[in-house]
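Structure file query.pdb with PDB, C-alpha atoms and all ligand atoms:
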```
ATOM      1  CA  MET A  30       0.000   0.000   0.000  1.00  0.00           C
ATOM      2  CA  ASN A  31       1.543   3.286  -0.993  1.00  0.00           C
ATOM      3  CA  GLU A  32      -1.276   5.706  -0.319  1.00  0.00           C
ATOM      4  CA  SER A  33      -1.718   7.186   3.078  1.00  0.00           C
ATOM      5  CA  VAL A  34      -5.010   8.280   4.557  1.00  0.00           C
ATOM      6  CA  ALA A  35      -5.160  11.659   6.226  1.00  0.00           C
ATOM      7  CA  SER A  36      -7.491  12.029   9.205  1.00  0.00           C
ATOM      8  CA  PRO A  37      -7.861  15.755   9.723  1.00  0.00           C
ATOM      9  CA  VAL A  38     -10.397  15.736  12.518  1.00  0.00           C
ATOM     10  CA  SER A  39     -11.619  13.204  14.957  1.00  0.00           C
ATOM     11  CA  VAL A  40     -15.181  11.890  15.124  1.00  0.00           C
ATOM     12  CA  SER A  41     -16.383   9.482  17.761  1.00  0.00           C
ATOM     13  CA  ILE A  42     -20.015   8.430  18.004  1.00  0.00           C
ATOM     14  CA  ASP A  43     -20.964   5.975  20.685  1.00  0.00           C
ATOM     15  CA  THR A  44     -23.772   3.391  20.441  1.00  0.00           C
ATOM     16  CA  PRO A  45     -24.546   0.472  22.764  1.00  0.00           C
ATOM     17  CA  GLN A  46     -22.336  -1.943  20.805  1.00  0.00           C
ATOM     18  CA  LEU A  47     -20.368   0.264  18.420  1.00  0.00           C
ATOM     19  CA  ILE A  48     -17.818   3.012  18.231  1.00  0.00           C
ATOM     20  CA  MET A  49     -18.272   5.011  15.051  1.00  0.00           C
ATOM     21  CA  ARG A  50     -15.200   6.884  13.869  1.00  0.00           C
ATOM     22  CA  LEU A  51     -13.554   8.219  10.721  1.00  0.00           C
ATOM     23  CA  LEU A  52     -12.404   5.570   8.301  1.00  0.00           C
ATOM     24  CA  ASN A  53      -8.650   5.083   8.158  1.00  0.00           C
ATOM     25  CA  GLU A  54      -5.969   2.974   6.504  1.00  0.00           C
ATOM     26  CA  SER A  55      -6.614  -0.004   8.768  1.00  0.00           C
ATOM     27  CA  ASP A  56     -10.170  -0.263   7.403  1.00  0.00           C
ATOM     28  CA  ALA A  57      -9.050  -1.046   3.852  1.00  0.00           C
ATOM     29  CA  PRO A  58      -9.587  -4.837   4.218  1.00  0.00           C
ATOM     30  CA  MET A  59     -13.141  -4.339   5.532  1.00  0.00           C
ATOM     31  CA  ILE A  60     -13.920  -1.828   2.758  1.00  0.00           C
ATOM     32  CA  LEU A  61     -12.508  -4.201   0.120  1.00  0.00           C
ATOM     33  CA  GLU A  62     -14.721  -7.005   1.427  1.00  0.00           C
ATOM     34  CA  LEU A  63     -17.822  -4.818   1.826  1.00  0.00           C
ATOM     35  CA  LEU A  64     -17.645  -3.214  -1.612  1.00  0.00           C
ATOM     36  CA  ASN A  65     -17.386  -6.623  -3.263  1.00  0.00           C
ATOM     37  CA  GLU A  66     -20.248  -8.310  -1.447  1.00  0.00           C
ATOM     38  CA  PRO A  67     -23.155  -9.301  -3.714  1.00  0.00           C
ATOM     39  CA  ALA A  68     -25.709  -7.266  -1.701  1.00  0.00           C
ATOM     40  CA  PHE A  69     -23.552  -4.132  -1.898  1.00  0.00           C
ATOM     41  CA  ILE A  70     -22.988  -4.507  -5.649  1.00  0.00           C
ATOM     42  CA  THR A  71     -26.675  -5.233  -6.287  1.00  0.00           C
ATOM     43  CA  HIS A  72     -28.141  -2.516  -4.099  1.00  0.00           C
ATOM     44  CA  ILE A  73     -25.518   0.234  -4.136  1.00  0.00           C
ATOM     45  CA  GLY A  74     -23.339  -0.467  -7.149  1.00  0.00           C
ATOM     46  CA  ASP A  75     -19.990  -1.778  -8.262  1.00  0.00           C
ATOM     47  CA  LYS A  76     -17.343   0.739  -7.205  1.00  0.00           C
ATOM     48  CA  GLY A  77     -14.674  -1.186  -9.134  1.00  0.00           C
ATOM     49  CA  VAL A  78     -12.531  -1.588  -6.006  1.00  0.00           C
ATOM     50  CA  ARG A  79     -10.601  -4.846  -6.342  1.00  0.00           C
ATOM     51  CA  ASP A  80      -7.563  -4.562  -4.086  1.00  0.00           C
ATOM     52  CA  LEU A  81      -6.333  -2.859  -0.912  1.00  0.00           C
ATOM     53  CA  ASN A  82      -4.931   0.125  -2.811  1.00  0.00           C
ATOM     54  CA  GLY A  83      -8.299   0.597  -4.439  1.00  0.00           C
ATOM     55  CA  ALA A  84      -9.972   0.415  -1.035  1.00  0.00           C
ATOM     56  CA  LEU A  85      -7.579   3.037   0.335  1.00  0.00           C
ATOM     57  CA  ASN A  86      -8.257   5.239  -2.631  1.00  0.00           C
ATOM     58  CA  TYR A  87     -12.005   4.869  -2.009  1.00  0.00           C
ATOM     59  CA  ILE A  88     -11.562   5.857   1.656  1.00  0.00           C
ATOM     60  CA  ASN A  89      -9.497   8.911   0.689  1.00  0.00           C
ATOM     61  CA  SER A  90     -11.468  10.154  -2.279  1.00  0.00           C
ATOM     62  CA  GLY A  91     -14.892   9.287  -0.863  1.00  0.00           C
ATOM     63  CA  PRO A  92     -15.607   9.544   2.870  1.00  0.00           C
ATOM     64  CA  LEU A  93     -12.473  11.419   3.986  1.00  0.00           C
ATOM     65  CA  LYS A  94     -12.770  13.969   1.189  1.00  0.00           C
ATOM     66  CA  MET A  95     -16.408  14.565   2.122  1.00  0.00           C
ATOM     67  CA  GLN A  96     -15.472  14.863   5.792  1.00  0.00           C
ATOM     68  CA  LYS A  97     -12.917  17.563   4.949  1.00  0.00           C
ATOM     69  CA  GLU A  98     -15.288  19.420   2.658  1.00  0.00           C
ATOM     70  CA  LEU A  99     -18.601  19.108   4.496  1.00  0.00           C
ATOM     71  CA  GLY A 100     -17.796  18.012   8.041  1.00  0.00           C
ATOM     72  CA  PHE A 101     -19.591  14.684   7.764  1.00  0.00           C
ATOM     73  CA  SER A 102     -19.122  11.370   6.008  1.00  0.00           C
ATOM     74  CA  LEU A 103     -19.701   7.644   6.159  1.00  0.00           C
ATOM     75  CA  TYR A 104     -18.049   6.382   9.344  1.00  0.00           C
ATOM     76  CA  CYS A 105     -16.478   3.085  10.263  1.00  0.00           C
ATOM     77  CA  CYS A 106     -18.600   0.999  12.627  1.00  0.00           C
ATOM     78  CA  GLN A 107     -16.311  -0.847  15.010  1.00  0.00           C
ATOM     79  CA  LEU A 108     -17.536  -3.444  17.494  1.00  0.00           C
ATOM     80  CA  LYS A 109     -16.790  -2.493  21.086  1.00  0.00           C
ATOM     81  CA  SER A 110     -16.480  -6.165  22.007  1.00  0.00           C
ATOM     82  CA  ASN A 111     -13.454  -6.992  19.851  1.00  0.00           C
ATOM     83  CA  ASN A 112     -12.655  -3.823  17.833  1.00  0.00           C
ATOM     84  CA  GLU A 113     -13.641  -5.468  14.550  1.00  0.00           C
ATOM     85  CA  ALA A 114     -14.723  -3.090  11.769  1.00  0.00           C
ATOM     86  CA  ILE A 115     -18.053  -4.433  10.506  1.00  0.00           C
ATOM     87  CA  GLY A 116     -19.420  -1.801   8.133  1.00  0.00           C
ATOM     88  CA  ILE A 117     -20.059   1.830   7.385  1.00  0.00           C
ATOM     89  CA  SER A 118     -22.840   4.162   8.444  1.00  0.00           C
ATOM     90  CA  GLY A 119     -23.125   7.917   8.355  1.00  0.00           C
ATOM     91  CA  LEU A 120     -24.019  10.895   6.223  1.00  0.00           C
ATOM     92  CA  ILE A 121     -23.580  11.539   2.514  1.00  0.00           C
ATOM     93  CA  LYS A 122     -24.308  14.508   0.276  1.00  0.00           C
ATOM     94  CA  ARG A 123     -24.720  13.773  -3.382  1.00  0.00           C
ATOM     95  CA  ASP A 124     -25.820  15.607  -6.502  1.00  0.00           C
ATOM     96  CA  GLY A 125     -29.481  15.123  -7.257  1.00  0.00           C
ATOM     97  CA  VAL A 126     -30.561  14.833  -3.623  1.00  0.00           C
ATOM     98  CA  GLU A 127     -31.278  18.144  -1.914  1.00  0.00           C
ATOM     99  CA  TYR A 128     -30.449  17.339   1.711  1.00  0.00           C
ATOM    100  CA  PRO A 129     -27.773  15.178   3.365  1.00  0.00           C
ATOM    101  CA  GLU A 130     -28.648  11.487   3.382  1.00  0.00           C
ATOM    102  CA  VAL A 131     -28.157   8.720   5.857  1.00  0.00           C
ATOM    103  CA  GLY A 132     -26.258   5.824   4.319  1.00  0.00           C
ATOM    104  CA  PHE A 133     -25.205   2.401   5.545  1.00  0.00           C
ATOM    105  CA  GLY A 134     -23.682  -0.911   4.545  1.00  0.00           C
ATOM    106  CA  PHE A 135     -22.625  -3.816   6.735  1.00  0.00           C
ATOM    107  CA  LEU A 136     -20.691  -6.982   6.036  1.00  0.00           C
ATOM    108  CA  ALA A 137     -23.273  -9.680   5.273  1.00  0.00           C
ATOM    109  CA  ARG A 138     -22.373 -11.694   8.360  1.00  0.00           C
ATOM    110  CA  TYR A 139     -23.329  -8.708  10.530  1.00  0.00           C
ATOM    111  CA  CYS A 140     -26.630  -7.819   8.830  1.00  0.00           C
ATOM    112  CA  GLY A 141     -29.917  -8.320  10.629  1.00  0.00           C
ATOM    113  CA  GLN A 142     -28.424  -7.851  14.106  1.00  0.00           C
ATOM    114  CA  GLY A 143     -29.592  -4.299  14.761  1.00  0.00           C
ATOM    115  CA  PHE A 144     -26.353  -2.556  13.789  1.00  0.00           C
ATOM    116  CA  GLY A 145     -28.015  -0.625  10.952  1.00  0.00           C
ATOM    117  CA  TYR A 146     -30.603   0.723  13.337  1.00  0.00           C
ATOM    118  CA  GLN A 147     -28.345   1.619  16.265  1.00  0.00           C
ATOM    119  CA  SER A 148     -25.705   3.247  14.075  1.00  0.00           C
ATOM    120  CA  SER A 149     -28.245   5.266  12.087  1.00  0.00           C
ATOM    121  CA  LYS A 150     -30.067   6.440  15.222  1.00  0.00           C
ATOM    122  CA  ALA A 151     -26.765   7.705  16.601  1.00  0.00           C
ATOM    123  CA  VAL A 152     -25.847   9.352  13.299  1.00  0.00           C
ATOM    124  CA  MET A 153     -29.212  11.120  13.133  1.00  0.00           C
ATOM    125  CA  GLU A 154     -28.721  12.392  16.663  1.00  0.00           C
ATOM    126  CA  HIS A 155     -25.164  13.513  15.792  1.00  0.00           C
ATOM    127  CA  ALA A 156     -26.476  15.310  12.687  1.00  0.00           C
ATOM    128  CA  LYS A 157     -29.067  17.167  14.701  1.00  0.00           C
ATOM    129  CA  GLN A 158     -27.111  17.930  17.869  1.00  0.00           C
ATOM    130  CA  GLN A 159     -23.560  18.415  16.588  1.00  0.00           C
ATOM    131  CA  LEU A 160     -24.081  19.572  13.010  1.00  0.00           C
ATOM    132  CA  GLY A 161     -27.412  21.368  13.242  1.00  0.00           C
ATOM    133  CA  ILE A 162     -28.855  19.344  10.360  1.00  0.00           C
ATOM    134  CA  THR A 163     -32.608  19.217  10.822  1.00  0.00           C
ATOM    135  CA  ARG A 164     -33.656  17.563   7.577  1.00  0.00           C
ATOM    136  CA  LEU A 165     -32.243  14.299   6.315  1.00  0.00           C
ATOM    137  CA  GLN A 166     -33.067  12.194   3.273  1.00  0.00           C
ATOM    138  CA  ALA A 167     -32.206   8.709   2.078  1.00  0.00           C
ATOM    139  CA  ILE A 168     -32.374   6.796  -1.161  1.00  0.00           C
ATOM    140  CA  CYS A 169     -32.469   3.120  -1.951  1.00  0.00           C
ATOM    141  CA  ASN A 170     -33.269   0.688  -4.711  1.00  0.00           C
ATOM    142  CA  PRO A 171     -36.965  -0.165  -4.890  1.00  0.00           C
ATOM    143  CA  ASP A 172     -36.208  -3.846  -4.218  1.00  0.00           C
ATOM    144  CA  ASN A 173     -33.894  -3.283  -1.243  1.00  0.00           C
ATOM    145  CA  THR A 174     -36.204  -4.756   1.394  1.00  0.00           C
ATOM    146  CA  ALA A 175     -33.696  -4.507   4.232  1.00  0.00           C
ATOM    147  CA  SER A 176     -32.941  -0.862   3.588  1.00  0.00           C
ATOM    148  CA  ILE A 177     -36.629   0.074   3.273  1.00  0.00           C
ATOM    149  CA  ALA A 178     -37.372  -1.754   6.553  1.00  0.00           C
ATOM    150  CA  LEU A 179     -34.510   0.056   8.286  1.00  0.00           C
ATOM    151  CA  LEU A 180     -35.535   3.476   6.973  1.00  0.00           C
ATOM    152  CA  THR A 181     -39.138   2.865   8.015  1.00  0.00           C
ATOM    153  CA  LYS A 182     -37.995   1.881  11.502  1.00  0.00           C
ATOM    154  CA  LEU A 183     -35.986   5.124  11.613  1.00  0.00           C
ATOM    155  CA  ALA A 184     -39.213   7.062  10.853  1.00  0.00           C
ATOM    156  CA  PHE A 185     -38.261   8.009   7.305  1.00  0.00           C
ATOM    157  CA  GLN A 186     -41.186   8.486   4.946  1.00  0.00           C
ATOM    158  CA  TYR A 187     -41.221   7.482   1.302  1.00  0.00           C
ATOM    159  CA  THR A 188     -41.765  10.616  -0.767  1.00  0.00           C
ATOM    160  CA  GLY A 189     -41.411   9.392  -4.362  1.00  0.00           C
ATOM    161  CA  ASN A 190     -39.004   8.110  -6.969  1.00  0.00           C
ATOM    162  CA  ILE A 191     -36.078   9.992  -8.485  1.00  0.00           C
ATOM    163  CA  VAL A 192     -33.383   9.306 -11.067  1.00  0.00           C
ATOM    164  CA  LEU A 193     -29.922  10.440  -9.976  1.00  0.00           C
ATOM    165  CA  PRO A 194     -27.839  12.494 -12.431  1.00  0.00           C
ATOM    166  CA  GLY A 195     -26.101  10.225 -14.937  1.00  0.00           C
ATOM    167  CA  GLN A 196     -28.206   7.210 -13.955  1.00  0.00           C
ATOM    168  CA  THR A 197     -31.145   5.544 -15.653  1.00  0.00           C
ATOM    169  CA  LYS A 198     -32.691   3.504 -12.833  1.00  0.00           C
ATOM    170  CA  ARG A 199     -35.214   5.040 -10.477  1.00  0.00           C
ATOM    171  CA  VAL A 200     -34.502   4.993  -6.746  1.00  0.00           C
ATOM    172  CA  LYS A 201     -36.845   5.539  -3.840  1.00  0.00           C
ATOM    173  CA  LEU A 202     -36.455   8.828  -1.981  1.00  0.00           C
ATOM    174  CA  PHE A 203     -37.188   9.070   1.751  1.00  0.00           C
ATOM    175  CA  ASP A 204     -37.463  12.088   4.042  1.00  0.00           C
ATOM    176  CA  ASN A 205     -37.033  12.563   7.756  1.00  0.00           C
ATOM    177  CA  LEU A 206     -38.044  15.849   9.294  1.00  0.00           C
ATOM    178  CA  ASN A 207     -37.570  14.964  12.966  1.00  0.00           C
TER     179      ASN A 207
HETATM  180  C1  LIG K   1     -29.587  -2.345   4.687  1.00  0.00           C
HETATM  181  C2  LIG K   1     -28.756  -2.718   5.908  1.00  0.00           C
HETATM  182  C3  LIG K   1     -27.780  -1.600   6.207  1.00  0.00           C
HETATM  183  C4  LIG K   1     -29.704  -2.901   7.112  1.00  0.00           C
HETATM  184  O1  LIG K   1     -28.938  -2.986   8.307  1.00  0.00           O
HETATM  185  P1  LIG K   1     -29.184  -4.142   9.364  1.00  0.00           P
HETATM  186  O2  LIG K   1     -28.183  -4.002  10.442  1.00  0.00           O
HETATM  187  O3  LIG K   1     -29.231  -5.433   8.637  1.00  0.00           O
HETATM  188  O4  LIG K   1     -30.650  -3.776   9.887  1.00  0.00           O
HETATM  189  P2  LIG K   1     -31.188  -3.964  11.376  1.00  0.00           P
HETATM  190  O5  LIG K   1     -30.776  -5.306  11.885  1.00  0.00           O
HETATM  191  O6  LIG K   1     -30.810  -2.784  12.193  1.00  0.00           O
HETATM  192  O7  LIG K   1     -32.753  -4.006  11.117  1.00  0.00           O
HETATM  193  C5  LIG K   1     -33.556  -2.836  11.083  1.00  0.00           C
HETATM  194  C6  LIG K   1     -34.980  -3.267  10.729  1.00  0.00           C
HETATM  195  O8  LIG K   1     -34.985  -3.743   9.380  1.00  0.00           O
HETATM  196  C7  LIG K   1     -35.466  -5.076   9.338  1.00  0.00           C
HETATM  197  N1  LIG K   1     -34.693  -5.833   8.359  1.00  0.00           N
HETATM  198  C8  LIG K   1     -33.358  -5.983   8.321  1.00  0.00           C
HETATM  199  N2  LIG K   1     -33.017  -6.773   7.291  1.00  0.00           N
HETATM  200  C9  LIG K   1     -34.166  -7.115   6.676  1.00  0.00           C
HETATM  201  C10 LIG K   1     -34.454  -7.908   5.545  1.00  0.00           C
HETATM  202  N3  LIG K   1     -33.477  -8.517   4.831  1.00  0.00           N
HETATM  203  N4  LIG K   1     -35.749  -8.065   5.170  1.00  0.00           N
HETATM  204  C11 LIG K   1     -36.742  -7.447   5.868  1.00  0.00           C
HETATM  205  N5  LIG K   1     -36.524  -6.664   6.967  1.00  0.00           N
HETATM  206  C12 LIG K   1     -35.237  -6.507   7.346  1.00  0.00           C
HETATM  207  C13 LIG K   1     -35.247  -5.620  10.720  1.00  0.00           C
HETATM  208  O9  LIG K   1     -36.128  -6.684  10.976  1.00  0.00           O
HETATM  209  C14 LIG K   1     -35.473  -4.411  11.592  1.00  0.00           C
HETATM  210  O10 LIG K   1     -36.853  -4.173  11.804  1.00  0.00           O
HETATM  211  P3  LIG K   1     -37.584  -4.746  13.148  1.00  0.00           P
HETATM  212  O11 LIG K   1     -36.832  -4.232  14.326  1.00  0.00           O
HETATM  213  O12 LIG K   1     -38.952  -4.186  13.008  1.00  0.00           O
HETATM  214  O13 LIG K   1     -37.517  -6.221  13.051  1.00  0.00           O
HETATM  215  C15 LIG K   1     -27.978  -4.036   5.703  1.00  0.00           C
HETATM  216  O14 LIG K   1     -28.885  -5.062   5.391  1.00  0.00           O
HETATM  217  C16 LIG K   1     -26.952  -3.953   4.589  1.00  0.00           C
HETATM  218  O15 LIG K   1     -25.832  -3.545   4.840  1.00  0.00           O
HETATM  219  N6  LIG K   1     -27.286  -4.355   3.368  1.00  0.00           N
HETATM  220  C17 LIG K   1     -26.347  -4.376   2.264  1.00  0.00           C
HETATM  221  C18 LIG K   1     -25.955  -2.997   1.781  1.00  0.00           C
HETATM  222  C19 LIG K   1     -27.151  -2.091   1.530  1.00  0.00           C
HETATM  223  O16 LIG K   1     -28.126  -2.503   0.920  1.00  0.00           O
HETATM  224  N7  LIG K   1     -27.064  -0.841   1.983  1.00  0.00           N
HETATM  225  C20 LIG K   1     -28.158   0.146   1.846  1.00  0.00           C
HETATM  226  C21 LIG K   1     -28.130   0.848   0.561  1.00  0.00           C
HETATM  227  S1  LIG K   1     -29.440   2.053   0.466  1.00  0.00           S
END
```

What does this structure look like when you write it as structure tokens?
Amino acid sequence: MNESVASPVSVSIDTPQLIMRLLNESDAPMILELLNEPAFITHIGDKGVRDLNGALNYINSGPLKMQKELGFSLYCCQLKSNNEAIGISGLIKRDGVEYPEVGFGFLARYCGQGFGYQSSKAVMEHAKQQLGITRLQAICNPDNTASIALLTKLAFQYTGNIVLPGQTKRVKLFDNLN
């Protein structure tokens, strides 16, 4: 690995079972695994990341760049019990969606255990209390049952379908005004 990851500020969000923090170089193996899981490729897309350097580049040019520019990003979810990095959860801003979005993705072996919910609840609280963000949105593929269930549990409301710039497929748009 010849790329280094700069961590300009520190973020630490505490949940019952997780510490959420900025992604860093040590998360490259988890990111490589996550981005190549069938559910991630089907529901989010193929980022074309195939090795650890690619994963590092993703961390640098994606979440850490957004953190530097906007003060929020997708964070690493690390188990308190054994320090294992098990997925990402946080905030994203993208063209075509007016407000910051919640976003999440967990390694398949950690899905369905409540980590999506507890991380997103904490992120929404962080957005409101620390960042002053009062309106959040989310998007997902129409057939992403798990994501729709999670967003519904988080009190997001489906508000319609949109097509993101440069895309052809429609995605579901959700809003949370709490
Ligand atoms: C979507 C995702 C983040 C959900 O996180 P999770 O940790 O599995 O979800 P949780 O365990 O916190 O579950 C939250 C709610 O969703 C429900 N749920 C979770 N997976 C589900 C599934 N496959 N089908 C139906 N409901 C599901 C849970 O039952 C729970 O509701 P309940 O408390 O009423 O039972 C996770 O499945 C994932 O990483 N998927 C792959 C990547 C992805 O699709 N990311 C989202 C892109 S928009």

Report task. Apply the PyMOL selection byres (((not hetatm)) within 9 of (chain K and resi 1)) to the file shown and report the selected residues as a PyMOL selection string. Result -> chain A and resi 63-64+66-73+116-118+131-137+139-149+167-170+173-183

Would you write out, as a PDB file with C-alpha atoms, in the frame of the given file, every residue that the PyMOL selection byres (((chain A and resi 130) around 9) and not hetatm) captures in this file?
```pdb
ATOM      1  CA  GLY A 119     -23.125   7.917   8.355  1.00  0.00           C
ATOM      2  CA  LEU A 120     -24.019  10.895   6.223  1.00  0.00           C
ATOM      3  CA  ILE A 121     -23.580  11.539   2.514  1.00  0.00           C
ATOM      4  CA  LYS A 122     -24.308  14.508   0.276  1.00  0.00           C
ATOM      5  CA  ARG A 123     -24.720  13.773  -3.382  1.00  0.00           C
ATOM      6  CA  VAL A 126     -30.561  14.833  -3.623  1.00  0.00           C
ATOM      7  CA  GLU A 127     -31.278  18.144  -1.914  1.00  0.00           C
ATOM      8  CA  TYR A 128     -30.449  17.339   1.711  1.00  0.00           C
ATOM      9  CA  PRO A 129     -27.773  15.178   3.365  1.00  0.00           C
ATOM     10  CA  VAL A 131     -28.157   8.720   5.857  1.00  0.00           C
ATOM     11  CA  GLY A 132     -26.258   5.824   4.319  1.00  0.00           C
ATOM     12  CA  ARG A 164     -33.656  17.563   7.577  1.00  0.00           C
ATOM     13  CA  LEU A 165     -32.243  14.299   6.315  1.00  0.00           C
ATOM     14  CA  GLN A 166     -33.067  12.194   3.273  1.00  0.00           C
ATOM     15  CA  ALA A 167     -32.206   8.709   2.078  1.00  0.00           C
ATOM     16  CA  ILE A 168     -32.374   6.796  -1.161  1.00  0.00           C
ATOM     17  CA  ASP A 204     -37.463  12.088   4.042  1.00  0.00           C
TER      18      ASP A 204
END
```

Query - Ref. answer, residues at most 7 Å from (-19.3, 3.8, 16.2) with all atoms listed in the file, as a PyMOL selection string - result: chain A and resi 41-44+47-50+105-107+148

Query raised in the report: Between atom CA of Phe203 of chain A and atom CA of Gly125 of chain A, what is the distance, to one decimal in Å?
Result: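 Atom-to-atom, atom CA of Phe203 of chain A to atom CA of Gly125 of chain A, that is 13.3 Å.
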
Query raised in the report: Could you state the separation of atom CA of Tyr187 of chain A and atom CA of Asp124 of chain A in Å, given to one decimal place?
Result: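 For atom CA of Tyr187 of chain A relative to atom CA of Asp124 of chain A, the distance reads 19.1 Å.
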
**Report entry** Straight-line distance linking atom CA of Ile162 of chain A with atom CA of Ile191 of chain A, stated in Å to one decimal
**Finding:**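 About the pair atom CA of Ile162 of chain A and atom CA of Ile191 of chain A: they are 22.2 Å apart.
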
**Report entry** Among listed residues A:Ser39, A:Leu99, A:Gly83, A:Tyr104, nearest Leu52 of chain A (using only C-alpha atoms)
**Finding:** A:Tyr104

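Distances here use all atoms listed in the file; by that measure, the residue among A:Lys109, A:Gly77, A:Lys94, A:Ile115 closest to Pro58 of chain A is A:Ile115.
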
Once you add 8 Å to each side, what are the centre and edge lengths of the axis-aligned box holding all listed atoms of segment 194-204 of chain A? One decimal in Å, as JSON, if you can.
```
{"center_x": -31.8, "center_y": 8.0, "center_z": -5.8, "size_x": 27.4, "size_y": 25.0, "size_z": 35.7}
```
